[in-house]
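Read through the structure below, which is laid out as structure tokens, and then see the notes.
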Amino acid sequence: MADRALKLIMDCGQAMLKSGGEAFRAQDTMEIMARSLGLEDFHVYVLTNGIFASAKGGTVNAVRYVPTFSTNLGRVEAINSISRKIADGDLDLDGAEQELKKAMHTPVFSEMIEHLASMVGCACFAFLFGGGPAEMLAAALAGVLESVIVTTFSHHRINRMFTDLLAATACTLLAHAAHLFYAPLNVNVSIIGALMVLTPGVALTMAIRDIINGDYLSGTIRLFDALLVAGCLAGGVSLGYLLMQGIMGVIA
């Protein structure tokens, strides 16, 4: 029974981390579930990409590795709901396992919806930065291109840093190409609007929250990850500018 309870708790903690939940939230949820399920001497240490737990004075141990995560706040909320129901006595171990299976199948948006959201988001950001219809259209097209690159590369498990680098390069080249057809286009506004959907805002926010909550190691890991993504975006834009200068030089 203790093994099953610990497996359920570890599964919930791992699912929260993979779905974009904060380390301190995952740890609190796991501790609440352990108390409610009667696990003795439960101790857990949660990092951004790993969980270490023991119970019964160390006779039951578990380690989980969480290499990557994506944002699915609906799944995080579903798992929080499971912990609350267990604490209130509305769920036993069997029921909690069934609820977790349902939570793991929380629907996500289709790729078409993601492409559409990226297109609309990029256009709106371009407008916020002072762009007109032309800049909004260029940013929207770049947003679709970025979304296609990100989703395609994620299916093949290609490194995220390389994906962001290539996506930023592609949107920079597209904006410059649009400028060739429409000279009044503000290239900078189009590029900035397109890049906003790639910026690591969630990772940065979670890093600060982890640090504020005293989880300095997890916060530092997330902060470093956010800085790496920002660096890749900057490198991708620079590479796009250099490639466009080379192409224009060849054409000239």
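Residue names in the structure tokens use chain letters A, B, ... in the order shown, residue numbers from 1 in each chain, and ligand numbers from 1 in the order shown.
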Next item on the list: Once DSSP has gone over the backbone, tell me which residues of range 38-218 of chain A are in strand (DSSP E), as a list in words.
Entry: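 Residues meeting the strand (DSSP E) criterion: His43, Val44, Tyr45, Val46, Leu47, Gly50, Ile51, Phe52, Ala53, Ser54, Ala55, Val60, Asn61, Ala62, Val63, Arg64 and Tyr65 of chain A.
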File dump, residues just selected, C-alpha atoms, as a compact mmCIF listing (two decimals), in the first residue's frame:
```txt
# COMPACT_ATOMS: atom_id res chain seq x y z
CA HIS A 43 10.28 13.59 2.95
CA VAL A 44 10.47 15.11 -0.53
CA TYR A 45 12.82 17.45 -2.32
CA VAL A 46 11.62 18.89 -5.62
CA LEU A 47 13.83 20.53 -8.22
CA GLY A 50 13.91 16.10 -10.58
CA ILE A 51 12.08 14.73 -7.52
CA PHE A 52 13.59 12.84 -4.58
CA ALA A 53 11.27 11.29 -1.99
CA SER A 54 11.32 8.76 0.83
CA ALA A 55 8.83 7.40 3.34
CA VAL A 60 10.60 3.34 0.64
CA ASN A 61 12.45 5.62 -1.77
CA ALA A 62 11.79 7.05 -5.21
CA VAL A 63 13.56 9.31 -7.69
CA ARG A 64 12.05 10.87 -10.80
CA TYR A 65 13.79 12.79 -13.57
```
Margin query: I'd like to know which residues of range 39-183 of chain A are alpha helix (DSSP H) (by DSSP, run on the backbone); could you write them as a PyMOL selection string?
Written below: chain A and resi 73-88+93-104+111-128+133-155+160-181
Notebook entry, point to check: Which of these residues is nearest to Ile82 in chain A, using only C-alpha atoms: A:Glu111, A:Leu204, A:Ala126, A:Met16?
Noted result: A:Met16
Notebook entry, point to check: What is the CA of Ser110 in chain A-CA of Ala230 in chain A distance in Å, reported with one decimal?
Noted result: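 Between CA of Ser110 in chain A and CA of Ala230 in chain A the gap works out to 26.1 Å.
Distances to His115 in chain A were evaluated for A:Ala134, A:Ile192, A:Val197, A:Leu185 using only C-alpha atoms, and the minimum falls at A:Val197.
Neighbours of Lys85 in chain A closer than or equal to 12 Å, with only C-alpha atoms counted and sequence neighbours fewer than 2 positions away skipped, come out as Thr29, Ile32, Met33, Ser36, Leu37, Ala78, Ile79, Asn80, Ser81, Ile82, Ser83, Ala87, Asp88, Gly89, Asp90, Leu91, Asp92, Leu93, Gly95, Ala96, Glu99 and Leu100 of chain A.
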Check: For Val150 in chain A, which of A:Gln27, A:Asn188, A:Ser118, A:Thr48 is the closest residue, counting only C-alpha atoms?
Finding: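 Checking each candidate against Val150 in chain A, we get A:Ser118 as the closest.
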Notebook entry, point to check: Quick one: of A:Glu146, A:Asp11, A:Asp28, A:Asp225, who's nearest to Met119 in chain A, counting only C-alpha atoms?
Noted result: A:Glu146
Note to self: I want to know what sits within 9 Å of range 128-132 of chain A, based on only C-alpha atoms, with residues of the same chain fewer than 3 positions away left out; could you give that as an MDAnalysis selection string?
What the structure shows: chainID A and resid 123:125 135:137 185:186 189:190 192:193
Saved selection, atoms kept: N, CA, C and O atoms, as an mmCIF file, in the first residue's frame:
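Listed below is the output, out15.cif:
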```
data_model
loop_
_atom_site.group_PDB
_atom_site.id
_atom_site.type_symbol
_atom_site.label_atom_id
_atom_site.label_comp_id
_atom_site.auth_asym_id
_atom_site.auth_seq_id
_atom_site.Cartn_x
_atom_site.Cartn_y
_atom_site.Cartn_z
ATOM 1 N N ALA A 123 0.419 39.521 -34.278
ATOM 2 C CA ALA A 123 -0.171 40.721 -34.869
ATOM 3 C C ALA A 123 -0.536 41.734 -33.795
ATOM 4 O O ALA A 123 -0.292 42.946 -33.952
ATOM 5 N N CYS A 124 -1.089 41.272 -32.687
ATOM 6 C CA CYS A 124 -1.469 42.183 -31.598
ATOM 7 C C CYS A 124 -0.243 42.817 -30.953
ATOM 8 O O CYS A 124 -0.255 44.020 -30.619
ATOM 9 N N PHE A 125 0.824 42.048 -30.780
ATOM 10 C CA PHE A 125 2.038 42.618 -30.203
ATOM 11 C C PHE A 125 2.645 43.665 -31.133
ATOM 12 O O PHE A 125 3.138 44.708 -30.681
ATOM 13 N N GLU A 135 2.761 46.054 -40.652
ATOM 14 C CA GLU A 135 3.589 45.412 -39.633
ATOM 15 C C GLU A 135 2.844 44.260 -38.949
ATOM 16 O O GLU A 135 3.433 43.211 -38.648
ATOM 17 N N MET A 136 1.547 44.457 -38.742
ATOM 18 C CA MET A 136 0.747 43.401 -38.121
ATOM 19 C C MET A 136 0.672 42.174 -39.024
ATOM 20 O O MET A 136 0.778 41.039 -38.550
ATOM 21 N N LEU A 137 0.511 42.405 -40.327
ATOM 22 C CA LEU A 137 0.445 41.284 -41.266
ATOM 23 C C LEU A 137 1.773 40.547 -41.323
ATOM 24 O O LEU A 137 1.807 39.308 -41.301
ATOM 25 N N LEU A 185 7.443 49.313 -44.767
ATOM 26 C CA LEU A 185 7.299 48.399 -43.631
ATOM 27 C C LEU A 185 8.373 48.659 -42.581
ATOM 28 O O LEU A 185 9.559 48.760 -42.898
ATOM 29 N N ASN A 186 7.965 48.755 -41.326
ATOM 30 C CA ASN A 186 8.901 48.883 -40.208
ATOM 31 C C ASN A 186 9.344 47.485 -39.799
ATOM 32 O O ASN A 186 8.629 46.768 -39.102
ATOM 33 N N VAL A 189 9.633 46.619 -35.851
ATOM 34 C CA VAL A 189 8.364 46.382 -35.170
ATOM 35 C C VAL A 189 7.815 45.004 -35.528
ATOM 36 O O VAL A 189 7.306 44.275 -34.658
ATOM 37 N N SER A 190 7.929 44.626 -36.778
ATOM 38 C CA SER A 190 7.442 43.309 -37.209
ATOM 39 C C SER A 190 8.197 42.184 -36.511
ATOM 40 O O SER A 190 7.605 41.208 -36.053
ATOM 41 N N ILE A 192 9.957 42.377 -33.622
ATOM 42 C CA ILE A 192 9.686 42.378 -32.186
ATOM 43 C C ILE A 192 8.322 41.765 -31.889
ATOM 44 O O ILE A 192 8.171 40.959 -30.958
ATOM 45 N N GLY A 193 7.327 42.128 -32.680
ATOM 46 C CA GLY A 193 6.000 41.558 -32.478
ATOM 47 C C GLY A 193 5.997 40.050 -32.636
ATOM 48 O O GLY A 193 5.339 39.334 -31.872
#
```
Item checked: Which residue of A:Ala194, A:Leu166, A:Leu116, A:Ala138 approaches Leu239 in chain A most closely, using only C-alpha atoms ->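 Looking only at the distances to Leu239 in chain A, the closest residue turns out to be A:Leu166.
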Notebook entry, point to check: What's the 12 Å shell around His105 in chain A, counting only C-alpha atoms, without same-chain residues fewer than 6 positions away, as a ChimeraX atom specification?
Noted result: /A:15,19,72,74-76,78-79,98-99
Next item on the list: Have a look at A:Glu31, A:Glu22, A:Asp164, A:Glu114 and name the one nearest to Ala203 in chain A; count only C-alpha atoms.
Entry: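 Result for the nearest residue to Ala203 in chain A: A:Glu22.
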Item checked: Gap from CA of Cys122 in chain A to CA of Thr220 in chain A - Å, one decimal ->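 Result for CA of Cys122 in chain A versus CA of Thr220 in chain A: 29.0 Å, one decimal.
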Margin query: I'd like the contact shell of Met206 in chain A - 12 Å cut-off, only C-alpha atoms, skipping same-chain residues fewer than 4 positions apart - returned as a PyMOL selection string.
Written below: chain A and resi 17+20-25+48+71+200-202+210-213+215-216+218-226
Expected file: the selected residues, N, CA, C and O atoms, as an mmCIF file, in the first residue's frame:
```
data_model
loop_
_atom_site.group_PDB
_atom_site.id
_atom_site.type_symbol
_atom_site.label_atom_id
_atom_site.label_comp_id
_atom_site.auth_asym_id
_atom_site.auth_seq_id
_atom_site.Cartn_x
_atom_site.Cartn_y
_atom_site.Cartn_z
ATOM 1 N N LEU A 17 5.277 19.125 -12.595
ATOM 2 C CA LEU A 17 6.491 19.744 -13.124
ATOM 3 C C LEU A 17 6.483 19.744 -14.647
ATOM 4 O O LEU A 17 6.836 20.739 -15.284
ATOM 5 N N GLY A 20 4.383 22.465 -16.185
ATOM 6 C CA GLY A 20 4.744 23.859 -15.939
ATOM 7 C C GLY A 20 4.466 24.356 -14.542
ATOM 8 O O GLY A 20 4.540 25.566 -14.292
ATOM 9 N N GLY A 21 4.165 23.463 -13.612
ATOM 10 C CA GLY A 21 3.928 23.883 -12.235
ATOM 11 C C GLY A 21 5.220 24.254 -11.526
ATOM 12 O O GLY A 21 6.287 23.733 -11.844
ATOM 13 N N GLU A 22 5.132 25.156 -10.548
ATOM 14 C CA GLU A 22 6.305 25.562 -9.795
ATOM 15 C C GLU A 22 6.771 24.436 -8.893
ATOM 16 O O GLU A 22 5.991 23.582 -8.471
ATOM 17 N N ALA A 23 8.067 24.444 -8.564
ATOM 18 C CA ALA A 23 8.640 23.404 -7.722
ATOM 19 C C ALA A 23 8.011 23.417 -6.332
ATOM 20 O O ALA A 23 7.682 22.364 -5.781
ATOM 21 N N PHE A 24 7.825 24.607 -5.753
ATOM 22 C CA PHE A 24 7.263 24.668 -4.398
ATOM 23 C C PHE A 24 5.817 24.198 -4.385
ATOM 24 O O PHE A 24 5.362 23.583 -3.410
ATOM 25 N N ARG A 25 5.078 24.463 -5.468
ATOM 26 C CA ARG A 25 3.682 24.004 -5.537
ATOM 27 C C ARG A 25 3.627 22.485 -5.627
ATOM 28 O O ARG A 25 2.800 21.841 -4.972
ATOM 29 N N THR A 48 13.539 21.655 -10.336
ATOM 30 C CA THR A 48 12.864 21.930 -11.598
ATOM 31 C C THR A 48 12.812 20.691 -12.482
ATOM 32 O O THR A 48 11.837 20.472 -13.201
ATOM 33 N N THR A 71 3.866 24.055 -20.798
ATOM 34 C CA THR A 71 2.828 24.677 -19.979
ATOM 35 C C THR A 71 1.462 24.063 -20.274
ATOM 36 O O THR A 71 0.999 24.083 -21.405
ATOM 37 N N PRO A 200 10.600 33.833 -23.054
ATOM 38 C CA PRO A 200 10.350 32.918 -21.923
ATOM 39 C C PRO A 200 9.718 33.617 -20.733
ATOM 40 O O PRO A 200 10.266 33.620 -19.624
ATOM 41 N N GLY A 201 8.564 34.220 -20.936
ATOM 42 C CA GLY A 201 7.920 34.947 -19.851
ATOM 43 C C GLY A 201 7.488 34.048 -18.709
ATOM 44 O O GLY A 201 7.666 34.390 -17.536
ATOM 45 N N VAL A 202 6.921 32.879 -19.036
ATOM 46 C CA VAL A 202 6.467 31.958 -17.986
ATOM 47 C C VAL A 202 7.649 31.448 -17.178
ATOM 48 O O VAL A 202 7.601 31.402 -15.939
ATOM 49 N N ASP A 210 9.946 30.996 -7.538
ATOM 50 C CA ASP A 210 10.709 29.985 -6.800
ATOM 51 C C ASP A 210 11.737 30.639 -5.884
ATOM 52 O O ASP A 210 11.924 30.212 -4.738
ATOM 53 N N ILE A 211 12.415 31.661 -6.382
ATOM 54 C CA ILE A 211 13.420 32.340 -5.567
ATOM 55 C C ILE A 211 12.772 33.038 -4.378
ATOM 56 O O ILE A 211 13.274 32.979 -3.245
ATOM 57 N N ILE A 212 11.634 33.698 -4.606
ATOM 58 C CA ILE A 212 10.926 34.369 -3.522
ATOM 59 C C ILE A 212 10.488 33.369 -2.455
ATOM 60 O O ILE A 212 10.509 33.664 -1.252
ATOM 61 N N ASN A 213 10.115 32.151 -2.883
ATOM 62 C CA ASN A 213 9.674 31.123 -1.948
ATOM 63 C C ASN A 213 10.835 30.360 -1.313
ATOM 64 O O ASN A 213 10.617 29.358 -0.631
ATOM 65 N N ASP A 215 13.248 28.663 -2.780
ATOM 66 C CA ASP A 215 13.777 27.527 -3.538
ATOM 67 C C ASP A 215 14.796 28.066 -4.533
ATOM 68 O O ASP A 215 14.535 28.176 -5.733
ATOM 69 N N TYR A 216 15.982 28.399 -4.036
ATOM 70 C CA TYR A 216 16.965 29.117 -4.843
ATOM 71 C C TYR A 216 17.520 28.270 -5.987
ATOM 72 O O TYR A 216 17.790 28.795 -7.069
ATOM 73 N N SER A 218 16.070 25.690 -7.731
ATOM 74 C CA SER A 218 15.088 25.587 -8.820
ATOM 75 C C SER A 218 14.904 26.926 -9.515
ATOM 76 O O SER A 218 14.791 27.003 -10.742
ATOM 77 N N GLY A 219 14.867 28.013 -8.726
ATOM 78 C CA GLY A 219 14.718 29.331 -9.319
ATOM 79 C C GLY A 219 15.890 29.689 -10.210
ATOM 80 O O GLY A 219 15.715 30.264 -11.290
ATOM 81 N N THR A 220 17.100 29.337 -9.765
ATOM 82 C CA THR A 220 18.290 29.620 -10.575
ATOM 83 C C THR A 220 18.285 28.816 -11.866
ATOM 84 O O THR A 220 18.655 29.326 -12.928
ATOM 85 N N ILE A 221 17.847 27.560 -11.789
ATOM 86 C CA ILE A 221 17.780 26.725 -12.987
ATOM 87 C C ILE A 221 16.810 27.322 -14.003
ATOM 88 O O ILE A 221 17.117 27.439 -15.193
ATOM 89 N N ARG A 222 15.626 27.716 -13.535
ATOM 90 C CA ARG A 222 14.638 28.297 -14.445
ATOM 91 C C ARG A 222 15.122 29.646 -14.982
ATOM 92 O O ARG A 222 14.895 29.965 -16.158
ATOM 93 N N LEU A 223 15.769 30.427 -14.134
ATOM 94 C CA LEU A 223 16.276 31.726 -14.581
ATOM 95 C C LEU A 223 17.341 31.547 -15.647
ATOM 96 O O LEU A 223 17.353 32.257 -16.662
ATOM 97 N N PHE A 224 18.235 30.591 -15.440
ATOM 98 C CA PHE A 224 19.276 30.324 -16.428
ATOM 99 C C PHE A 224 18.664 29.828 -17.734
ATOM 100 O O PHE A 224 19.111 30.199 -18.823
ATOM 101 N N ASP A 225 17.615 29.013 -17.625
ATOM 102 C CA ASP A 225 16.923 28.531 -18.819
ATOM 103 C C ASP A 225 16.306 29.691 -19.586
ATOM 104 O O ASP A 225 16.389 29.755 -20.822
ATOM 105 N N ALA A 226 15.685 30.624 -18.862
ATOM 106 C CA ALA A 226 15.080 31.784 -19.516
ATOM 107 C C ALA A 226 16.142 32.641 -20.205
ATOM 108 O O ALA A 226 15.930 33.137 -21.326
#
```
Notebook entry, point to check: Which polymer residues have any atom within 9 Å of an atom of Gly236 in chain A, counting only C-alpha atoms, with same-chain residues fewer than 6 positions away left out, as a list in words?
Noted result: Asp164, Leu165, Leu166, Ala167, Ala168, Thr169, Ala170, Cys171 and Thr172 of chain A
Next item on the list: Tell me, in Å to one decimal, how far CA of Ile149 in chain A is from CA of Val187 in chain A.
Entry: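 So the two atoms, CA of Ile149 in chain A and CA of Val187 in chain A, lie 20.8 Å apart.
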